[in-house]
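Asker: Provided below: query22.cif, containing mmCIF, N, CA and C atoms.
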```
data_query
#
loop_
_atom_site.label_atom_id
_atom_site.label_comp_id
_atom_site.auth_asym_id
_atom_site.auth_seq_id
_atom_site.Cartn_x
_atom_site.Cartn_y
_atom_site.Cartn_z
N MET A 120 0.86 -1.18 0.00
CA MET A 120 0.00 0.00 0.00
C MET A 120 0.90 1.24 0.00
N THR A 121 0.58 2.19 -0.89
CA THR A 121 1.39 3.40 -1.00
C THR A 121 1.05 4.39 0.11
N PHE A 122 1.91 5.37 0.29
CA PHE A 122 1.67 6.40 1.30
C PHE A 122 0.38 7.15 1.01
N ARG A 123 0.12 7.44 -0.28
CA ARG A 123 -1.11 8.16 -0.66
C ARG A 123 -2.35 7.34 -0.30
N GLU A 124 -2.31 6.05 -0.54
CA GLU A 124 -3.46 5.20 -0.18
C GLU A 124 -3.68 5.16 1.33
N ILE A 125 -2.59 5.11 2.08
CA ILE A 125 -2.69 5.12 3.55
C ILE A 125 -3.28 6.45 4.01
N LYS A 126 -2.78 7.53 3.46
CA LYS A 126 -3.27 8.86 3.81
C LYS A 126 -4.75 9.01 3.47
N ARG A 127 -5.15 8.50 2.32
CA ARG A 127 -6.54 8.59 1.89
C ARG A 127 -7.45 7.80 2.83
N ARG A 128 -7.07 6.57 3.11
CA ARG A 128 -7.93 5.69 3.89
C ARG A 128 -7.94 6.05 5.38
N LEU A 129 -6.80 6.44 5.92
CA LEU A 129 -6.70 6.69 7.36
C LEU A 129 -6.92 8.14 7.76
N LEU A 130 -6.78 9.07 6.84
CA LEU A 130 -6.89 10.49 7.21
C LEU A 130 -7.97 11.24 6.45
N ARG A 131 -7.88 11.28 5.15
CA ARG A 131 -8.79 12.14 4.37
C ARG A 131 -10.24 11.70 4.44
N GLN A 132 -10.51 10.43 4.16
CA GLN A 132 -11.89 9.96 4.17
C GLN A 132 -12.51 10.06 5.55
N PRO A 133 -11.84 9.62 6.63
CA PRO A 133 -12.43 9.77 7.97
C PRO A 133 -12.65 11.24 8.36
N LEU A 134 -11.74 12.13 7.96
CA LEU A 134 -11.90 13.55 8.25
C LEU A 134 -13.19 14.07 7.60
N HIS A 135 -13.38 13.76 6.34
CA HIS A 135 -14.58 14.23 5.66
C HIS A 135 -15.83 13.59 6.26
N ASP A 136 -15.78 12.29 6.52
CA ASP A 136 -16.93 11.60 7.10
C ASP A 136 -17.33 12.20 8.44
N ARG A 137 -16.37 12.59 9.21
CA ARG A 137 -16.63 13.10 10.57
C ARG A 137 -17.11 14.56 10.58
N LEU A 138 -16.55 15.39 9.71
CA LEU A 138 -16.81 16.83 9.78
C LEU A 138 -17.77 17.37 8.72
N ALA A 139 -18.10 16.57 7.74
CA ALA A 139 -18.96 17.06 6.66
C ALA A 139 -20.42 17.13 7.09
N GLU A 140 -21.14 18.04 6.45
CA GLU A 140 -22.57 18.22 6.69
C GLU A 140 -23.32 17.95 5.40
N PRO A 141 -24.56 17.46 5.49
CA PRO A 141 -25.32 17.24 4.26
C PRO A 141 -25.68 18.58 3.61
N ALA A 142 -25.78 18.56 2.30
CA ALA A 142 -26.12 19.76 1.54
C ALA A 142 -26.69 19.33 0.19
N TRP A 143 -27.26 20.32 -0.50
CA TRP A 143 -27.69 20.13 -1.88
C TRP A 143 -26.70 20.86 -2.77
N TYR A 144 -26.36 20.28 -3.90
CA TYR A 144 -25.55 20.95 -4.91
C TYR A 144 -26.38 21.07 -6.18
N LEU A 145 -26.43 22.28 -6.75
CA LEU A 145 -27.15 22.53 -8.00
C LEU A 145 -26.19 23.20 -8.97
N PRO A 146 -25.94 22.62 -10.15
CA PRO A 146 -25.06 23.27 -11.12
C PRO A 146 -25.64 24.58 -11.65
N THR A 147 -26.98 24.68 -11.69
CA THR A 147 -27.68 25.91 -12.07
C THR A 147 -28.88 26.06 -11.14
N PRO A 148 -29.45 27.26 -11.03
CA PRO A 148 -30.58 27.44 -10.11
C PRO A 148 -31.80 26.56 -10.42
N THR A 149 -31.96 26.16 -11.67
CA THR A 149 -33.13 25.36 -12.04
C THR A 149 -32.83 23.88 -12.19
N ALA A 150 -31.59 23.48 -11.93
CA ALA A 150 -31.20 22.07 -12.08
C ALA A 150 -31.77 21.22 -10.95
N GLU A 151 -31.80 19.94 -11.17
CA GLU A 151 -32.21 18.99 -10.15
C GLU A 151 -31.12 18.95 -9.07
N PRO A 152 -31.47 19.15 -7.79
CA PRO A 152 -30.43 19.15 -6.74
C PRO A 152 -29.84 17.76 -6.53
N VAL A 153 -28.55 17.74 -6.21
CA VAL A 153 -27.81 16.50 -5.95
C VAL A 153 -27.41 16.50 -4.48
N ALA A 154 -27.78 15.44 -3.75
CA ALA A 154 -27.41 15.33 -2.34
C ALA A 154 -25.92 15.06 -2.22
N CYS A 155 -25.27 15.75 -1.29
CA CYS A 155 -23.83 15.55 -1.07
C CYS A 155 -23.48 15.94 0.36
N THR A 156 -22.26 15.69 0.74
CA THR A 156 -21.75 16.17 2.02
C THR A 156 -20.63 17.15 1.73
N VAL A 157 -20.58 18.23 2.49
CA VAL A 157 -19.58 19.28 2.27
C VAL A 157 -18.99 19.73 3.59
N ARG A 158 -17.79 20.31 3.50
CA ARG A 158 -17.18 20.95 4.66
C ARG A 158 -17.01 22.42 4.32
N LEU A 159 -17.67 23.29 5.09
CA LEU A 159 -17.57 24.73 4.89
C LEU A 159 -16.40 25.26 5.70
N HIS A 160 -15.51 25.97 5.04
CA HIS A 160 -14.33 26.55 5.70
C HIS A 160 -14.38 28.06 5.57
N LEU A 161 -14.27 28.76 6.67
CA LEU A 161 -14.13 30.21 6.66
C LEU A 161 -12.73 30.49 7.18
N ARG A 162 -11.95 31.17 6.38
CA ARG A 162 -10.59 31.46 6.82
C ARG A 162 -10.15 32.83 6.33
N PHE A 163 -9.15 33.36 6.99
CA PHE A 163 -8.64 34.66 6.62
C PHE A 163 -7.34 34.50 5.85
N ASP A 164 -7.26 35.14 4.70
CA ASP A 164 -6.05 35.15 3.88
C ASP A 164 -5.49 36.57 3.87
N GLU A 165 -4.19 36.69 4.06
CA GLU A 165 -3.57 38.00 3.98
C GLU A 165 -3.48 38.42 2.52
N ILE A 166 -3.67 39.71 2.27
CA ILE A 166 -3.73 40.23 0.91
C ILE A 166 -2.56 41.17 0.65
N GLY A 167 -1.97 41.06 -0.50
CA GLY A 167 -1.00 42.02 -1.01
C GLY A 167 0.25 42.17 -0.17
N GLN A 168 0.92 43.30 -0.32
CA GLN A 168 2.17 43.57 0.35
C GLN A 168 1.98 44.03 1.79
N LEU A 169 0.76 44.25 2.21
CA LEU A 169 0.52 44.76 3.55
C LEU A 169 0.83 43.73 4.63
N ALA A 170 1.09 42.49 4.24
CA ALA A 170 1.35 41.44 5.21
C ALA A 170 2.75 41.58 5.84
N SER A 171 3.63 42.34 5.24
CA SER A 171 4.98 42.50 5.76
C SER A 171 4.98 43.32 7.05
N LEU A 172 5.68 42.84 8.06
CA LEU A 172 5.74 43.55 9.34
C LEU A 172 6.54 44.84 9.24
N GLN A 173 7.43 44.94 8.26
CA GLN A 173 8.28 46.11 8.14
C GLN A 173 7.75 47.14 7.16
N SER A 174 6.53 46.96 6.67
CA SER A 174 5.98 47.91 5.70
C SER A 174 5.48 49.18 6.36
N GLY A 175 5.19 49.12 7.67
CA GLY A 175 4.68 50.28 8.37
C GLY A 175 3.18 50.44 8.24
N PHE A 176 2.53 49.53 7.57
CA PHE A 176 1.08 49.57 7.40
C PHE A 176 0.43 48.44 8.19
N ALA A 177 -0.82 48.62 8.47
CA ALA A 177 -1.56 47.57 9.16
C ALA A 177 -1.83 46.42 8.18
N ASP A 178 -1.87 45.22 8.71
CA ASP A 178 -2.21 44.07 7.88
C ASP A 178 -3.68 44.11 7.52
N ARG A 179 -3.99 43.63 6.35
CA ARG A 179 -5.38 43.52 5.92
C ARG A 179 -5.66 42.06 5.61
N GLN A 180 -6.78 41.58 6.09
CA GLN A 180 -7.16 40.20 5.83
C GLN A 180 -8.56 40.18 5.24
N GLU A 181 -8.80 39.20 4.40
CA GLU A 181 -10.10 39.09 3.77
C GLU A 181 -10.67 37.70 4.01
N LEU A 182 -11.95 37.65 4.28
CA LEU A 182 -12.64 36.40 4.49
C LEU A 182 -12.87 35.70 3.15
N THR A 183 -12.35 34.50 3.01
CA THR A 183 -12.51 33.73 1.79
C THR A 183 -13.20 32.42 2.12
N PRO A 184 -14.52 32.36 2.02
CA PRO A 184 -15.17 31.08 2.30
C PRO A 184 -14.85 30.05 1.22
N ARG A 185 -14.68 28.82 1.67
CA ARG A 185 -14.41 27.72 0.75
C ARG A 185 -15.27 26.54 1.17
N ILE A 186 -15.59 25.72 0.22
CA ILE A 186 -16.33 24.50 0.51
C ILE A 186 -15.55 23.34 -0.07
N VAL A 187 -15.40 22.28 0.73
CA VAL A 187 -14.70 21.07 0.31
C VAL A 187 -15.74 20.01 -0.04
N PHE A 188 -15.65 19.49 -1.26
CA PHE A 188 -16.56 18.47 -1.77
C PHE A 188 -15.83 17.13 -1.87
N LEU A 189 -16.55 16.06 -1.72
CA LEU A 189 -16.02 14.72 -1.95
C LEU A 189 -16.21 14.41 -3.43
N ASN A 190 -15.13 14.10 -4.15
CA ASN A 190 -15.19 13.90 -5.60
C ASN A 190 -16.14 12.78 -6.01
N SER A 191 -16.31 11.79 -5.17
CA SER A 191 -17.19 10.68 -5.52
C SER A 191 -18.67 11.08 -5.51
N GLN A 192 -18.98 12.26 -4.94
CA GLN A 192 -20.37 12.70 -4.85
C GLN A 192 -20.72 13.73 -5.93
N VAL A 193 -19.93 14.77 -6.06
CA VAL A 193 -20.18 15.81 -7.07
C VAL A 193 -18.86 16.39 -7.56
N ALA A 194 -18.92 16.99 -8.73
CA ALA A 194 -17.79 17.75 -9.28
C ALA A 194 -18.28 19.20 -9.40
N PRO A 195 -17.93 20.06 -8.44
CA PRO A 195 -18.45 21.43 -8.48
C PRO A 195 -17.93 22.19 -9.69
N THR A 196 -18.79 23.05 -10.22
CA THR A 196 -18.41 23.88 -11.36
C THR A 196 -18.70 25.33 -11.03
N LYS A 197 -18.01 26.22 -11.71
CA LYS A 197 -18.22 27.65 -11.51
C LYS A 197 -19.69 27.99 -11.72
N ASN A 198 -20.23 28.84 -10.83
CA ASN A 198 -21.61 29.29 -10.83
C ASN A 198 -22.61 28.24 -10.36
N GLY A 199 -22.13 27.13 -9.80
CA GLY A 199 -23.01 26.16 -9.17
C GLY A 199 -23.42 26.69 -7.79
N PHE A 200 -24.40 26.04 -7.15
CA PHE A 200 -24.92 26.50 -5.86
C PHE A 200 -24.89 25.37 -4.84
N VAL A 201 -24.61 25.74 -3.59
CA VAL A 201 -24.66 24.81 -2.47
C VAL A 201 -25.70 25.35 -1.50
N VAL A 202 -26.71 24.52 -1.21
CA VAL A 202 -27.78 24.90 -0.29
C VAL A 202 -27.59 24.11 0.99
N THR A 203 -27.48 24.83 2.11
CA THR A 203 -27.29 24.19 3.41
C THR A 203 -28.57 24.33 4.23
N LYS A 204 -28.63 23.56 5.30
CA LYS A 204 -29.82 23.60 6.16
C LYS A 204 -29.98 24.95 6.83
N ASP A 205 -28.91 25.44 7.46
CA ASP A 205 -29.03 26.67 8.25
C ASP A 205 -27.87 27.64 8.08
N MET A 206 -26.98 27.38 7.13
CA MET A 206 -25.84 28.28 6.90
C MET A 206 -26.01 29.10 5.63
N GLY A 207 -27.15 29.00 4.97
CA GLY A 207 -27.40 29.79 3.78
C GLY A 207 -27.08 29.07 2.49
N VAL A 208 -27.01 29.86 1.43
CA VAL A 208 -26.71 29.35 0.09
C VAL A 208 -25.41 29.99 -0.37
N TYR A 209 -24.58 29.21 -1.04
CA TYR A 209 -23.30 29.69 -1.55
C TYR A 209 -23.23 29.43 -3.04
N ARG A 210 -22.60 30.37 -3.76
CA ARG A 210 -22.36 30.22 -5.20
C ARG A 210 -20.89 29.92 -5.40
N VAL A 211 -20.58 28.96 -6.24
CA VAL A 211 -19.20 28.59 -6.53
C VAL A 211 -18.59 29.65 -7.44
N ASP A 212 -17.57 30.33 -6.93
CA ASP A 212 -16.87 31.35 -7.71
C ASP A 212 -15.71 30.76 -8.50
N ASN A 213 -15.04 29.79 -7.91
CA ASN A 213 -13.85 29.23 -8.51
C ASN A 213 -13.67 27.82 -7.99
N ASP A 214 -13.70 26.84 -8.87
CA ASP A 214 -13.44 25.47 -8.45
C ASP A 214 -11.97 25.18 -8.69
N LEU A 215 -11.28 24.79 -7.64
CA LEU A 215 -9.85 24.52 -7.71
C LEU A 215 -9.63 23.10 -8.22
N ALA A 216 -8.42 22.78 -8.58
CA ALA A 216 -8.11 21.44 -9.09
C ALA A 216 -8.37 20.40 -8.00
N PRO A 217 -8.85 19.21 -8.37
CA PRO A 217 -9.07 18.17 -7.37
C PRO A 217 -7.79 17.83 -6.63
N ASP A 218 -7.93 17.51 -5.36
CA ASP A 218 -6.82 17.11 -4.51
C ASP A 218 -7.14 15.74 -3.94
N ASP A 219 -6.70 14.73 -4.63
CA ASP A 219 -6.94 13.34 -4.25
C ASP A 219 -8.43 13.04 -4.25
N ILE A 220 -9.07 12.89 -3.10
CA ILE A 220 -10.49 12.50 -3.07
C ILE A 220 -11.42 13.69 -2.90
N THR A 221 -10.88 14.91 -2.79
CA THR A 221 -11.72 16.09 -2.58
C THR A 221 -11.42 17.17 -3.62
N THR A 222 -12.37 18.09 -3.75
CA THR A 222 -12.19 19.31 -4.54
C THR A 222 -12.64 20.47 -3.68
N THR A 223 -11.83 21.51 -3.62
CA THR A 223 -12.16 22.70 -2.86
C THR A 223 -12.63 23.78 -3.84
N ALA A 224 -13.69 24.48 -3.44
CA ALA A 224 -14.21 25.57 -4.27
C ALA A 224 -14.27 26.84 -3.44
N GLU A 225 -13.83 27.94 -4.03
CA GLU A 225 -14.00 29.25 -3.40
C GLU A 225 -15.43 29.67 -3.69
N VAL A 226 -16.12 30.17 -2.66
CA VAL A 226 -17.55 30.46 -2.79
C VAL A 226 -17.87 31.85 -2.25
N SER A 227 -19.05 32.34 -2.60
CA SER A 227 -19.57 33.58 -2.05
C SER A 227 -21.00 33.33 -1.59
N THR A 228 -21.43 34.11 -0.62
CA THR A 228 -22.77 33.97 -0.07
C THR A 228 -23.81 34.52 -1.05
N VAL A 229 -24.91 33.81 -1.18
CA VAL A 229 -26.03 34.26 -2.01
C VAL A 229 -27.02 34.96 -1.09
N SER A 230 -27.43 36.16 -1.44
CA SER A 230 -28.37 36.91 -0.60
C SER A 230 -29.74 36.22 -0.60
N GLU A 231 -30.49 36.48 0.47
CA GLU A 231 -31.83 35.89 0.57
C GLU A 231 -32.73 36.37 -0.56
N SER A 232 -32.59 37.64 -0.95
CA SER A 232 -33.43 38.16 -2.04
C SER A 232 -33.10 37.50 -3.37
N ARG A 233 -31.82 37.22 -3.60
CA ARG A 233 -31.45 36.54 -4.84
C ARG A 233 -31.94 35.10 -4.83
N ALA A 234 -31.83 34.44 -3.66
CA ALA A 234 -32.33 33.06 -3.54
C ALA A 234 -33.84 33.03 -3.78
N ALA A 235 -34.55 34.01 -3.25
CA ALA A 235 -35.99 34.09 -3.46
C ALA A 235 -36.30 34.30 -4.94
N GLY A 236 -35.44 35.03 -5.64
CA GLY A 236 -35.61 35.23 -7.07
C GLY A 236 -35.48 33.94 -7.87
N PHE A 237 -34.76 32.97 -7.31
CA PHE A 237 -34.65 31.66 -7.95
C PHE A 237 -35.86 30.78 -7.64
N GLY A 238 -36.76 31.27 -6.78
CA GLY A 238 -37.93 30.49 -6.40
C GLY A 238 -37.71 29.68 -5.13
N TRP A 239 -36.61 29.93 -4.43
CA TRP A 239 -36.32 29.24 -3.18
C TRP A 239 -36.88 30.05 -2.03
N ASP A 240 -37.22 29.41 -0.91
CA ASP A 240 -37.84 30.08 0.23
C ASP A 240 -36.82 30.26 1.37
N PRO A 241 -36.23 31.45 1.53
CA PRO A 241 -35.21 31.67 2.56
C PRO A 241 -35.73 31.52 4.00
N SER A 242 -37.04 31.56 4.20
CA SER A 242 -37.58 31.43 5.55
C SER A 242 -37.68 29.97 6.00
N GLN A 243 -37.42 29.04 5.11
CA GLN A 243 -37.53 27.61 5.41
C GLN A 243 -36.15 26.97 5.53
N PRO A 244 -36.03 25.93 6.38
CA PRO A 244 -34.78 25.15 6.35
C PRO A 244 -34.58 24.57 4.95
N TRP A 245 -33.35 24.49 4.53
CA TRP A 245 -33.00 23.99 3.21
C TRP A 245 -33.61 24.85 2.10
N TYR A 246 -34.01 26.07 2.42
CA TYR A 246 -34.58 27.00 1.44
C TYR A 246 -35.77 26.39 0.70
N GLY A 247 -36.50 25.55 1.39
CA GLY A 247 -37.69 24.93 0.82
C GLY A 247 -37.46 23.60 0.14
N PHE A 248 -36.20 23.19 -0.02
CA PHE A 248 -35.91 21.87 -0.57
C PHE A 248 -36.14 20.83 0.53
N THR A 249 -36.45 19.61 0.15
CA THR A 249 -36.56 18.55 1.15
C THR A 249 -35.14 18.23 1.64
N PRO A 250 -35.00 17.78 2.90
CA PRO A 250 -33.66 17.44 3.39
C PRO A 250 -33.01 16.35 2.53
N PRO A 251 -31.71 16.49 2.23
CA PRO A 251 -31.04 15.48 1.39
C PRO A 251 -30.91 14.15 2.12
N VAL A 252 -31.04 13.08 1.38
CA VAL A 252 -30.85 11.73 1.91
C VAL A 252 -29.64 11.13 1.20
N LEU A 253 -28.67 10.74 2.00
CA LEU A 253 -27.45 10.18 1.41
C LEU A 253 -27.39 8.69 1.63
#
```
How does the structure come out when it is put into structure tokens?
Answerer:
Amino acid sequence: MTFREIKRRLLRQPLHDRLAEPAWYLPTPTAEPVACTVRLHLRFDEIGQLASLQSGFADRQELTPRIVFLNSQVAPTKNGFVVTKDMGVYRVDNDLAPDDITTTAEVSTVSESRAAGFGWDPSQPWYGFTPPVL
């Protein structure tokens, strides 16, 4: 067994199984939703040259939400949507290259008014979709 196989079986898959939450993935607002599990990551990335301690300027950080998908469930594409039970809806801005069994996508939050424009109900859990069954 190779190191990659050991890492996949003993680390990556259990990590996703333990920390992922159910969600719906839609490649377009009118597409049939696909049940999947995702890990939502909110992290701060330093931007530009302001990160240097000797620049004399304050550091600036920007919130870059990302969602990690399991490749065996869905292949996220730009402008696809992720609907969660209680964390809102996210639009895929940039799907990064697959990394072994997962793909990470940079996402942005979809406003409730825009979601309502798609015919989804922001006042309901899952925006009116039935809960996903995996």
Asker: Taking 5 positions as the minimum chain separation for residues in the same chain, which residues sit within 6 Å of Asp214 of chain A when counting all atoms listed in the file? Answer as JSON, numbers by chain.
Answerer: {"A": [195, 196, 197, 223, 224, 225]}
Asker: What is the distance, in Å and to one decimal place, between atom N of Arg128 of chain A and atom C of Asn190 of chain A?
Answerer: 14.3 Å
Asker: Run DSSP on the backbone and give me the residues of chain A it puts in strand (DSSP E or B), as a PyMOL selection string.
Answerer: chain A and resi 140-145+153-165+180-189+200-202+208-214+218+221-229
Asker: Print the selection's residues with N, CA and C atoms to a file, as a short mmCIF file (atom, residue, chain, number, x, y, z; two decimals), in the coordinates of the input.
Answerer:
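New file again_24.cif:
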```cif
data_model
loop_
_atom_site.label_atom_id
_atom_site.label_comp_id
_atom_site.auth_asym_id
_atom_site.auth_seq_id
_atom_site.Cartn_x
_atom_site.Cartn_y
_atom_site.Cartn_z
N GLU A 140 -21.14 18.04 6.45
CA GLU A 140 -22.57 18.22 6.69
C GLU A 140 -23.32 17.95 5.40
N PRO A 141 -24.56 17.46 5.49
CA PRO A 141 -25.32 17.24 4.26
C PRO A 141 -25.68 18.58 3.61
N ALA A 142 -25.78 18.56 2.30
CA ALA A 142 -26.12 19.76 1.54
C ALA A 142 -26.69 19.33 0.19
N TRP A 143 -27.26 20.32 -0.50
CA TRP A 143 -27.69 20.13 -1.88
C TRP A 143 -26.70 20.86 -2.77
N TYR A 144 -26.36 20.28 -3.90
CA TYR A 144 -25.55 20.95 -4.91
C TYR A 144 -26.38 21.07 -6.18
N LEU A 145 -26.43 22.28 -6.75
CA LEU A 145 -27.15 22.53 -8.00
C LEU A 145 -26.19 23.20 -8.97
N VAL A 153 -28.55 17.74 -6.21
CA VAL A 153 -27.81 16.50 -5.95
C VAL A 153 -27.41 16.50 -4.48
N ALA A 154 -27.78 15.44 -3.75
CA ALA A 154 -27.41 15.33 -2.34
C ALA A 154 -25.92 15.06 -2.22
N CYS A 155 -25.27 15.75 -1.29
CA CYS A 155 -23.83 15.55 -1.07
C CYS A 155 -23.48 15.94 0.36
N THR A 156 -22.26 15.69 0.74
CA THR A 156 -21.75 16.17 2.02
C THR A 156 -20.63 17.15 1.73
N VAL A 157 -20.58 18.23 2.49
CA VAL A 157 -19.58 19.28 2.27
C VAL A 157 -18.99 19.73 3.59
N ARG A 158 -17.79 20.31 3.50
CA ARG A 158 -17.18 20.95 4.66
C ARG A 158 -17.01 22.42 4.32
N LEU A 159 -17.67 23.29 5.09
CA LEU A 159 -17.57 24.73 4.89
C LEU A 159 -16.40 25.26 5.70
N HIS A 160 -15.51 25.97 5.04
CA HIS A 160 -14.33 26.55 5.70
C HIS A 160 -14.38 28.06 5.57
N LEU A 161 -14.27 28.76 6.67
CA LEU A 161 -14.13 30.21 6.66
C LEU A 161 -12.73 30.49 7.18
N ARG A 162 -11.95 31.17 6.38
CA ARG A 162 -10.59 31.46 6.82
C ARG A 162 -10.15 32.83 6.33
N PHE A 163 -9.15 33.36 6.99
CA PHE A 163 -8.64 34.66 6.62
C PHE A 163 -7.34 34.50 5.85
N ASP A 164 -7.26 35.14 4.70
CA ASP A 164 -6.05 35.15 3.88
C ASP A 164 -5.49 36.57 3.87
N GLU A 165 -4.19 36.69 4.06
CA GLU A 165 -3.57 38.00 3.98
C GLU A 165 -3.48 38.42 2.52
N GLN A 180 -6.78 41.58 6.09
CA GLN A 180 -7.16 40.20 5.83
C GLN A 180 -8.56 40.18 5.24
N GLU A 181 -8.80 39.20 4.40
CA GLU A 181 -10.10 39.09 3.77
C GLU A 181 -10.67 37.70 4.01
N LEU A 182 -11.95 37.65 4.28
CA LEU A 182 -12.64 36.40 4.49
C LEU A 182 -12.87 35.70 3.15
N THR A 183 -12.35 34.50 3.01
CA THR A 183 -12.51 33.73 1.79
C THR A 183 -13.20 32.42 2.12
N PRO A 184 -14.52 32.36 2.02
CA PRO A 184 -15.17 31.08 2.30
C PRO A 184 -14.85 30.05 1.22
N ARG A 185 -14.68 28.82 1.67
CA ARG A 185 -14.41 27.72 0.75
C ARG A 185 -15.27 26.54 1.17
N ILE A 186 -15.59 25.72 0.22
CA ILE A 186 -16.33 24.50 0.51
C ILE A 186 -15.55 23.34 -0.07
N VAL A 187 -15.40 22.28 0.73
CA VAL A 187 -14.70 21.07 0.31
C VAL A 187 -15.74 20.01 -0.04
N PHE A 188 -15.65 19.49 -1.26
CA PHE A 188 -16.56 18.47 -1.77
C PHE A 188 -15.83 17.13 -1.87
N LEU A 189 -16.55 16.06 -1.72
CA LEU A 189 -16.02 14.72 -1.95
C LEU A 189 -16.21 14.41 -3.43
N PHE A 200 -24.40 26.04 -7.15
CA PHE A 200 -24.92 26.50 -5.86
C PHE A 200 -24.89 25.37 -4.84
N VAL A 201 -24.61 25.74 -3.59
CA VAL A 201 -24.66 24.81 -2.47
C VAL A 201 -25.70 25.35 -1.50
N VAL A 202 -26.71 24.52 -1.21
CA VAL A 202 -27.78 24.90 -0.29
C VAL A 202 -27.59 24.11 0.99
N VAL A 208 -27.01 29.86 1.43
CA VAL A 208 -26.71 29.35 0.09
C VAL A 208 -25.41 29.99 -0.37
N TYR A 209 -24.58 29.21 -1.04
CA TYR A 209 -23.30 29.69 -1.55
C TYR A 209 -23.23 29.43 -3.04
N ARG A 210 -22.60 30.37 -3.76
CA ARG A 210 -22.36 30.22 -5.20
C ARG A 210 -20.89 29.92 -5.40
N VAL A 211 -20.58 28.96 -6.24
CA VAL A 211 -19.20 28.59 -6.53
C VAL A 211 -18.59 29.65 -7.44
N ASP A 212 -17.57 30.33 -6.93
CA ASP A 212 -16.87 31.35 -7.71
C ASP A 212 -15.71 30.76 -8.50
N ASN A 213 -15.04 29.79 -7.91
CA ASN A 213 -13.85 29.23 -8.51
C ASN A 213 -13.67 27.82 -7.99
N ASP A 214 -13.70 26.84 -8.87
CA ASP A 214 -13.44 25.47 -8.45
C ASP A 214 -11.97 25.18 -8.69
N ASP A 218 -7.93 17.51 -5.36
CA ASP A 218 -6.82 17.11 -4.51
C ASP A 218 -7.14 15.74 -3.94
N THR A 221 -10.88 14.91 -2.79
CA THR A 221 -11.72 16.09 -2.58
C THR A 221 -11.42 17.17 -3.62
N THR A 222 -12.37 18.09 -3.75
CA THR A 222 -12.19 19.31 -4.54
C THR A 222 -12.64 20.47 -3.68
N THR A 223 -11.83 21.51 -3.62
CA THR A 223 -12.16 22.70 -2.86
C THR A 223 -12.63 23.78 -3.84
N ALA A 224 -13.69 24.48 -3.44
CA ALA A 224 -14.21 25.57 -4.27
C ALA A 224 -14.27 26.84 -3.44
N GLU A 225 -13.83 27.94 -4.03
CA GLU A 225 -14.00 29.25 -3.40
C GLU A 225 -15.43 29.67 -3.69
N VAL A 226 -16.12 30.17 -2.66
CA VAL A 226 -17.55 30.46 -2.79
C VAL A 226 -17.87 31.85 -2.25
N SER A 227 -19.05 32.34 -2.60
CA SER A 227 -19.57 33.58 -2.05
C SER A 227 -21.00 33.33 -1.59
N THR A 228 -21.43 34.11 -0.62
CA THR A 228 -22.77 33.97 -0.07
C THR A 228 -23.81 34.52 -1.05
N VAL A 229 -24.91 33.81 -1.18
CA VAL A 229 -26.03 34.26 -2.01
C VAL A 229 -27.02 34.96 -1.09
#
```
Asker: Distance atom CA of Gly199 of chain A-atom CA of Glu140 of chain A, one decimal place?
Answerer: 17.7 Å
Asker: Considering all atoms listed in the file, return as a VMD selection string whatever protein or nucleic-acid residues lie within 6.5 Å of Val208 of chain A, sequence-local ones (same chain, fewer than 6 positions apart) excluded.
Answerer: chain A and resid 200 to 202 227 to 229
